[in-house]
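Participant: Input upload11.txt, format and content: compact mmCIF, C-alpha atoms.
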```
# COMPACT_ATOMS: atom_id res chain seq x y z
CA MET A 86 -39.31 -110.55 55.47
CA LYS A 87 -42.89 -111.86 55.54
CA ARG A 88 -44.21 -108.37 54.86
CA ARG A 89 -41.91 -108.00 51.85
CA ARG A 90 -43.03 -111.35 50.47
CA PHE A 91 -46.65 -110.35 50.94
CA LEU A 92 -46.08 -107.08 49.07
CA VAL A 93 -44.34 -108.92 46.23
CA LEU A 94 -47.24 -111.36 46.05
CA LYS A 95 -49.72 -108.48 45.91
CA VAL A 96 -47.79 -106.86 43.07
CA VAL A 97 -47.65 -110.13 41.12
CA VAL A 98 -51.38 -110.71 41.57
CA LEU A 99 -52.12 -107.13 40.48
CA LEU A 100 -49.95 -107.47 37.37
CA LEU A 101 -51.61 -110.76 36.45
CA PHE A 102 -55.02 -109.17 36.92
CA LEU A 103 -54.09 -106.21 34.71
CA ALA A 104 -52.62 -108.55 32.08
CA GLY A 105 -55.86 -110.53 32.10
CA ILE A 106 -57.94 -107.38 31.63
CA TYR A 107 -55.65 -106.18 28.83
CA SER A 108 -55.88 -109.53 27.03
CA LEU A 109 -59.66 -109.06 26.85
CA ILE A 110 -59.30 -105.52 25.47
CA GLU A 111 -56.63 -106.14 22.84
CA PRO A 112 -58.90 -108.16 20.48
CA TYR A 113 -60.79 -104.88 19.84
CA TRP A 114 -57.63 -102.79 19.28
CA TYR A 115 -57.26 -103.13 15.53
CA GLN A 116 -54.01 -102.23 13.85
CA GLU A 117 -53.48 -101.16 10.26
CA LYS A 118 -50.20 -102.54 8.91
CA THR A 119 -49.03 -101.08 5.60
CA VAL A 120 -46.31 -102.56 3.42
CA VAL A 121 -44.99 -101.01 0.22
CA VAL A 122 -44.25 -103.76 -2.29
CA GLN A 123 -41.59 -102.86 -4.83
CA ASN A 124 -41.18 -105.10 -7.83
CA GLN A 125 -40.02 -104.49 -11.38
CA SER A 126 -42.77 -106.80 -12.65
CA ILE A 127 -45.52 -104.47 -11.41
CA PRO A 128 -47.04 -102.72 -14.45
CA GLN A 129 -46.95 -98.93 -14.40
CA ALA A 130 -50.77 -98.84 -14.44
CA PHE A 131 -50.74 -100.55 -11.03
CA ASP A 132 -48.31 -98.13 -9.39
CA GLY A 133 -49.94 -97.09 -6.11
CA PHE A 134 -52.53 -99.89 -6.33
CA ARG A 135 -53.90 -100.56 -2.83
CA ILE A 136 -54.67 -104.10 -1.66
CA VAL A 137 -56.36 -104.73 1.69
CA PHE A 138 -56.04 -108.20 3.23
CA LEU A 139 -58.25 -109.63 5.97
CA ALA A 140 -57.76 -113.05 7.53
CA ASP A 141 -59.05 -115.18 10.39
CA ILE A 142 -62.21 -113.38 11.38
CA HIS A 143 -63.38 -116.44 13.36
CA PHE A 144 -66.94 -115.14 13.62
CA ASN A 145 -68.48 -116.93 16.62
CA ARG A 146 -70.54 -116.38 19.76
CA PHE A 147 -68.05 -113.76 20.95
CA PHE A 148 -68.28 -111.80 17.67
CA THR A 149 -71.23 -109.60 16.75
CA GLN A 150 -72.32 -108.47 13.31
CA GLU A 151 -72.08 -104.88 14.55
CA ARG A 152 -68.43 -105.42 15.40
CA LEU A 153 -67.73 -106.95 11.99
CA GLN A 154 -69.62 -104.13 10.29
CA GLY A 155 -67.27 -101.67 11.95
CA ILE A 156 -64.30 -103.55 10.49
CA VAL A 157 -65.90 -103.61 7.04
CA ASN A 158 -66.55 -99.87 7.23
CA ARG A 159 -62.94 -99.29 8.25
CA VAL A 160 -61.68 -101.36 5.31
CA ASN A 161 -63.89 -99.49 2.85
CA ALA A 162 -62.64 -96.19 4.26
CA LEU A 163 -59.11 -97.20 3.27
CA ASP A 164 -60.25 -96.85 -0.36
CA PRO A 165 -58.82 -100.21 -1.50
CA ASP A 166 -58.50 -101.06 -5.17
CA LEU A 167 -58.68 -104.78 -4.35
CA ILE A 168 -59.67 -106.75 -1.26
CA LEU A 169 -58.32 -110.23 -0.48
CA LEU A 170 -59.64 -112.56 2.22
CA GLY A 171 -57.52 -115.29 3.79
CA GLY A 172 -60.00 -117.79 5.22
CA ASP A 173 -61.25 -118.93 8.65
CA TYR A 174 -64.30 -116.69 8.45
CA ALA A 175 -66.33 -118.52 11.09
CA GLU A 176 -65.85 -120.89 13.99
CA GLY A 177 -67.84 -123.30 16.10
CA ASP A 178 -71.16 -123.63 14.27
CA PRO A 179 -72.17 -123.57 10.57
CA LYS A 180 -74.76 -120.88 11.33
CA TYR A 181 -71.95 -118.37 11.78
CA ILE A 182 -70.92 -118.74 8.12
CA ASP A 183 -74.03 -116.97 6.83
CA LEU A 184 -73.95 -114.40 9.63
CA CYS A 185 -70.38 -113.51 8.73
CA PHE A 186 -70.88 -113.21 4.98
CA GLU A 187 -74.06 -111.16 5.40
CA VAL A 188 -71.73 -108.42 6.62
CA LEU A 189 -68.74 -109.14 4.36
CA ALA A 190 -71.10 -108.54 1.42
CA ASP A 191 -70.66 -104.82 2.18
CA LEU A 192 -66.95 -104.85 1.31
CA GLU A 193 -66.29 -102.55 -1.65
CA ALA A 194 -63.37 -102.42 -4.06
CA PRO A 195 -63.45 -101.42 -7.75
CA TYR A 196 -61.34 -104.40 -8.81
CA GLY A 197 -63.22 -106.91 -6.70
CA VAL A 198 -63.18 -108.96 -3.51
CA TYR A 199 -61.54 -112.40 -3.62
CA GLY A 200 -61.02 -115.07 -0.97
CA VAL A 201 -59.83 -118.56 -0.11
CA LEU A 202 -61.13 -121.00 2.47
CA GLY A 203 -59.33 -121.86 5.69
CA ASN A 204 -59.32 -125.05 7.73
CA HIS A 205 -62.39 -123.94 9.71
CA GLU A 206 -64.50 -123.69 6.54
CA HIS A 207 -63.68 -127.31 5.79
CA TRP A 208 -64.70 -128.28 9.31
CA LEU A 209 -67.95 -126.29 9.18
CA GLY A 210 -68.81 -126.96 5.53
CA ALA A 211 -66.75 -125.98 2.50
CA GLU A 212 -69.66 -126.03 0.05
CA LYS A 213 -71.80 -123.91 2.35
CA SER A 214 -68.93 -121.45 2.73
CA ILE A 215 -68.36 -121.14 -1.02
CA GLN A 216 -72.08 -120.61 -1.56
CA ALA A 217 -72.15 -117.89 1.10
CA MET A 218 -69.14 -116.22 -0.52
CA ASP A 219 -70.84 -116.28 -3.90
CA GLU A 220 -74.04 -114.78 -2.51
CA ALA A 221 -71.95 -112.04 -0.89
CA GLY A 222 -70.33 -111.18 -4.23
CA ILE A 223 -66.95 -112.53 -3.18
CA LEU A 224 -65.06 -114.51 -5.82
CA SER A 225 -63.48 -117.78 -4.71
CA ILE A 226 -59.81 -118.23 -5.57
CA ASP A 227 -59.49 -121.65 -3.94
CA ASN A 228 -57.27 -123.31 -6.57
CA ASN A 229 -58.46 -120.62 -8.94
CA SER A 230 -57.22 -117.31 -10.32
CA PHE A 231 -58.19 -114.17 -12.21
CA TRP A 232 -56.44 -111.57 -14.31
CA ILE A 233 -56.93 -108.03 -13.00
CA GLU A 234 -56.79 -105.51 -15.85
CA LYS A 235 -56.16 -101.78 -15.56
CA ASP A 236 -55.44 -99.29 -18.35
CA GLY A 237 -54.43 -102.03 -20.78
CA GLU A 238 -52.08 -103.79 -18.33
CA ARG A 239 -52.72 -106.68 -15.99
CA ILE A 240 -51.63 -108.64 -12.91
CA LYS A 241 -52.62 -112.14 -11.79
CA VAL A 242 -54.42 -112.88 -8.52
CA GLY A 243 -54.90 -116.48 -7.42
CA GLY A 244 -55.12 -118.78 -4.44
CA VAL A 245 -54.67 -122.35 -3.29
CA GLY A 246 -56.69 -124.73 -1.14
CA ASP A 247 -56.05 -124.93 2.58
CA LEU A 248 -52.77 -126.66 3.38
CA CYS A 249 -54.27 -128.77 6.18
CA GLU A 250 -57.62 -129.82 4.70
CA ASP A 251 -57.42 -129.48 0.92
CA VAL A 252 -55.14 -129.84 -2.10
CA GLN A 253 -53.05 -127.05 -3.54
CA LYS A 254 -53.14 -126.53 -7.30
CA LEU A 255 -50.69 -123.72 -7.86
CA GLU A 256 -50.75 -124.32 -11.61
CA LYS A 257 -54.28 -122.86 -11.66
CA THR A 258 -52.58 -119.54 -10.92
CA THR A 259 -49.19 -119.85 -12.59
CA GLY A 260 -50.05 -122.03 -15.59
CA ASP A 261 -50.54 -119.13 -17.99
CA VAL A 262 -48.11 -116.53 -16.61
CA THR A 263 -44.63 -115.52 -17.71
CA GLU A 264 -41.64 -114.31 -15.70
CA GLU A 265 -42.59 -110.74 -16.67
CA ASP A 266 -46.06 -110.98 -15.06
CA PHE A 267 -46.71 -109.83 -11.51
CA VAL A 268 -48.43 -112.65 -9.63
CA ILE A 269 -50.22 -112.52 -6.25
CA LEU A 270 -51.15 -115.66 -4.32
CA VAL A 271 -53.38 -116.14 -1.27
CA SER A 272 -52.83 -119.16 0.97
CA HIS A 273 -54.54 -119.53 4.33
CA SER A 274 -51.39 -121.06 5.80
CA PRO A 275 -48.00 -119.36 5.32
CA ASP A 276 -46.26 -122.74 5.52
CA TYR A 277 -47.16 -123.30 1.88
CA ALA A 278 -44.39 -120.84 0.97
CA GLU A 279 -41.86 -123.46 2.07
CA ILE A 280 -43.02 -126.18 -0.32
CA MET A 281 -44.45 -124.32 -3.31
CA ASP A 282 -42.71 -123.49 -6.56
CA ARG A 283 -41.88 -119.84 -5.86
CA SER A 284 -40.41 -119.05 -9.26
CA LYS A 285 -43.59 -117.49 -10.71
CA VAL A 286 -45.14 -115.88 -7.62
CA ASP A 287 -44.08 -112.40 -6.48
CA LEU A 288 -46.35 -111.63 -3.52
CA MET A 289 -48.18 -113.95 -1.14
CA PHE A 290 -50.72 -113.21 1.59
CA ALA A 291 -51.40 -115.60 4.46
CA GLY A 292 -52.89 -115.75 7.95
CA HIS A 293 -53.61 -118.76 10.18
CA THR A 294 -50.95 -118.02 12.83
CA HIS A 295 -52.84 -115.14 14.54
CA GLY A 296 -49.50 -113.53 15.37
CA GLY A 297 -49.28 -116.18 18.07
CA GLN A 298 -52.39 -114.68 19.72
CA ILE A 299 -50.82 -115.02 23.19
CA THR A 300 -47.20 -113.88 23.12
CA LEU A 301 -44.37 -112.91 25.44
CA PHE A 302 -44.78 -109.16 24.89
CA GLY A 303 -44.71 -109.63 21.11
CA LEU A 304 -41.28 -111.26 21.12
CA TYR A 305 -42.17 -114.93 21.22
CA ALA A 306 -45.30 -117.09 21.01
CA PRO A 307 -45.35 -120.41 22.88
CA LYS A 308 -47.83 -121.93 20.43
CA ILE A 309 -48.03 -121.26 16.69
CA PRO A 310 -49.90 -123.41 14.13
CA SER A 311 -46.87 -123.66 11.88
CA ASP A 312 -44.18 -126.25 11.30
CA TYR A 313 -41.56 -123.49 11.16
CA GLY A 314 -41.68 -122.05 14.65
CA GLN A 315 -41.61 -118.28 14.94
CA LYS A 316 -40.74 -117.73 11.27
CA TYR A 317 -44.32 -117.16 10.14
CA ARG A 318 -45.71 -115.72 13.35
CA THR A 319 -46.29 -112.28 11.86
CA GLY A 320 -44.94 -109.69 9.45
CA VAL A 321 -43.09 -109.94 6.15
CA VAL A 322 -40.97 -112.96 5.26
CA THR A 323 -38.84 -112.88 2.12
CA HIS A 324 -37.84 -115.88 0.01
CA ASP A 325 -35.54 -114.60 -2.73
CA ASP A 326 -38.00 -112.76 -5.02
CA LEU A 327 -41.13 -113.83 -3.10
CA LYS A 328 -42.51 -111.55 -0.39
CA VAL A 329 -44.89 -113.23 2.10
CA ILE A 330 -47.15 -110.98 4.18
CA VAL A 331 -48.39 -112.85 7.26
CA SER A 332 -51.33 -111.25 9.05
CA ASN A 333 -52.19 -111.45 12.74
CA GLY A 334 -55.78 -111.80 11.57
CA ILE A 335 -58.91 -110.20 12.96
CA GLY A 336 -60.52 -112.65 15.37
CA THR A 337 -59.35 -115.09 17.99
CA ASN A 338 -59.21 -118.87 18.15
CA THR A 339 -61.13 -120.64 20.95
CA LEU A 340 -60.82 -117.93 23.64
CA PRO A 341 -61.52 -114.21 22.94
CA VAL A 342 -58.12 -113.03 24.17
CA ARG A 343 -54.92 -111.63 22.68
CA PHE A 344 -51.70 -110.56 24.34
CA PHE A 345 -49.26 -108.39 22.36
CA ALA A 346 -50.56 -109.79 19.06
CA ARG A 347 -52.99 -107.09 18.00
CA PRO A 348 -55.59 -107.90 15.33
CA GLN A 349 -54.58 -106.53 11.95
CA ILE A 350 -55.95 -105.05 8.78
CA ASN A 351 -53.12 -105.42 6.28
CA VAL A 352 -52.55 -103.00 3.42
CA ALA A 353 -50.12 -103.57 0.56
CA ILE A 354 -49.32 -100.69 -1.80
CA LEU A 355 -47.75 -101.69 -5.09
CA ASP A 356 -44.74 -99.71 -6.27
CA ALA A 357 -43.86 -100.19 -9.93
CA MET A 358 -40.44 -98.59 -9.38
CA GLN A 359 -38.74 -96.66 -12.17
CA ARG A 360 -38.43 -98.69 -15.35
```
Is it possible to express this structure as structure tokens?

Facilitator:
Amino acid sequence: MKRRRFLVLKVVVLLLFLAGIYSLIEPYWYQEKTVVVQNQSIPQAFDGFRIVFLADIHFNRFFTQERLQGIVNRVNALDPDLILLGGDYAEGDPKYIDLCFEVLADLEAPYGVYGVLGNHEHWLGAEKSIQAMDEAGILSIDNNSFWIEKDGERIKVGGVGDLCEDVQKLEKTTGDVTEEDFVILVSHSPDYAEIMDRSKVDLMFAGHTHGGQITLFGLYAPKIPSDYGQKYRTGVVTHDDLKVIVSNGIGTNTLPVRFFARPQINVAILDAMQR
């Protein structure tokens, strides 16, 4: 009996050791998640339009510029038409803001690179972050928006301020659109989808939840920074006509570990459908 218990204990210790090793490896095992977005409001000129979304880089002492450069190169290799960034670029020290955006400046997309701030930018310095974005050629859509034009047709891309640390002015995006326009919104937190006026937004990108970061084999996360439990942990959530794409993000929060919540590069391909 004692021998059996000892063997069981050895197996448990071995499994915990292997799980610990795996949790240190997974943050480097990037996953490309592609979603085809079908909507009758998508103009024909934007059929097949590729949008790449990055969120939650959390550049810090555990993250190197070489590692981030590899991610940037991978994004550029996807040949995106448009790149959107979901906030939380750096963590821990304001010096990491500049180090992060020095590399993000290499992102390339013919229709531009746009981003919002996350809660960490407000903690480290919102003005410094916006300045670094501007110097990197990244357009801020914090409570701001832009029309993207292609072959005489257009879609709207906008964003809102961080739900925890800022105000959200959705009208800056939806104030001049009609029901026929296709509208994309970026919010650092997916929880904003629960309280916003969804009537004029078709597609929303969000991060913040990290896929739970540490999960029970991808089925459940004990701790998620959301007021809605597992709902916005990861993946696609649909609210009537609004599709919300929630990314696992790239980096990690506090500790450099992940468990069955692989870091993600998210790709959305627009499908204009047959009209």

Participant: Could you make a table, as a tab-separated table, of the residues of region 145-255 of chain A that have an atom within 12 Å of an atom of region 113-132 of chain A, each with its nearest atom pair and distance in Å to one decimal, counting only C-alpha atoms, in chain and number order?

Facilitator:
```
residue	atom	partner	partner_atom	distance
A:Phe147	CA	A:Tyr113	CA	11.5
A:Phe148	CA	A:Tyr113	CA	10.4
A:Thr149	CA	A:Tyr113	CA	11.9
A:Arg152	CA	A:Tyr113	CA	8.9
A:Leu153	CA	A:Tyr113	CA	10.7
A:Gly155	CA	A:Tyr113	CA	10.7
A:Ile156	CA	A:Tyr115	CA	8.7
A:Arg159	CA	A:Glu117	CA	9.9
A:Val160	CA	A:Glu117	CA	9.6
A:Leu163	CA	A:Glu117	CA	9.8
A:Asp166	CA	A:Phe131	CA	9.7
A:Leu167	CA	A:Phe131	CA	11.2
A:Tyr196	CA	A:Phe131	CA	11.5
A:Ile233	CA	A:Phe131	CA	9.9
A:Glu234	CA	A:Ala130	CA	9.1
A:Lys235	CA	A:Ala130	CA	6.2
A:Asp236	CA	A:Ala130	CA	6.1
A:Gly237	CA	A:Ala130	CA	8.0
A:Glu238	CA	A:Ala130	CA	6.4
A:Arg239	CA	A:Pro128	CA	7.1
A:Ile240	CA	A:Ile127	CA	7.5
A:Lys241	CA	A:Ile127	CA	10.5
```

Participant: Pick from A:Gly210, A:Pro307, A:Gly297, A:Gly171: nearest to Asp183 (chain A), with all atoms listed in the file counted?

Facilitator: A:Gly210

Participant: Write out as a ChimeraX atom specification each polymer residue whose atoms come within 10 Å of Tyr313 (chain A), counting all atoms listed in the file; drop sequence neighbours fewer than 5 positions from it.

Facilitator: /A:275-276,279,318

Participant: Would you mind telling me which residue in A:Ile335, A:Leu94, A:Leu288, A:Val198 lies nearest to Ala221 (chain A) when using all atoms listed in the file?

Facilitator: A:Val198

Participant: Calculate how many Å separate CA of Gln349 (chain A) from CA of Gly314 (chain A), rounding to one decimal.

Facilitator: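 We find that CA of Gln349 (chain A) and CA of Gly314 (chain A) lie 20.4 Å from each other.
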
Participant: So, with only C-alpha atoms as the atoms that count, which of A:Ala306, A:Leu184, A:Leu270, A:Ala162 lies closest to Phe144 (chain A)?

Facilitator: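 Answer, going by the shortest atom-to-atom distance: A:Leu184.
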
Participant: Residues of region 289-345 of chain A that have any atom at most 12 Å from an atom of region 251-268 of chain A: could you tabulate them with the shortest-distance atom pair and the distance in Å to one decimal, using only C-alpha atoms, ordered by chain and increasing number, as JSON lines?

Facilitator:
```
{"residue": "A:Met289", "atom": "CA", "partner": "A:Val268", "partner_atom": "CA", "distance": 8.6}
{"residue": "A:Phe290", "atom": "CA", "partner": "A:Val268", "partner_atom": "CA", "distance": 11.5}
{"residue": "A:Asp326", "atom": "CA", "partner": "A:Phe267", "partner_atom": "CA", "distance": 11.3}
{"residue": "A:Leu327", "atom": "CA", "partner": "A:Val268", "partner_atom": "CA", "distance": 9.9}
{"residue": "A:Lys328", "atom": "CA", "partner": "A:Val268", "partner_atom": "CA", "distance": 11.0}
```

Participant: Hey, can you check how far CA of Asn158 (chain A) sits from CA of Ile350 (chain A)?

Facilitator: 11.9 Å

Participant: Which neighbours of Ile136 (chain A) fall inside 9 Å, counting all atoms listed in the file, when residues of the same chain fewer than 6 positions from it are skipped, and could you give them as number ranges by chain?

Facilitator: A: 165-169, 351-355

Participant: With all atoms listed in the file as the counted atoms, please give the residues lying no more than 7 Å from Ile182 (chain A), apart from itself and same-chain residues fewer than 6 positions off, as a list in words.

Facilitator: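 Answer for this query is Tyr174, Ala175 and Ser214 of chain A.
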
Participant: Please compute the CA of Ser284 (chain A)-CA of Arg135 (chain A) distance, one decimal, in Å.

Facilitator: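 Result for CA of Ser284 (chain A) versus CA of Arg135 (chain A): 23.8 Å, one decimal.
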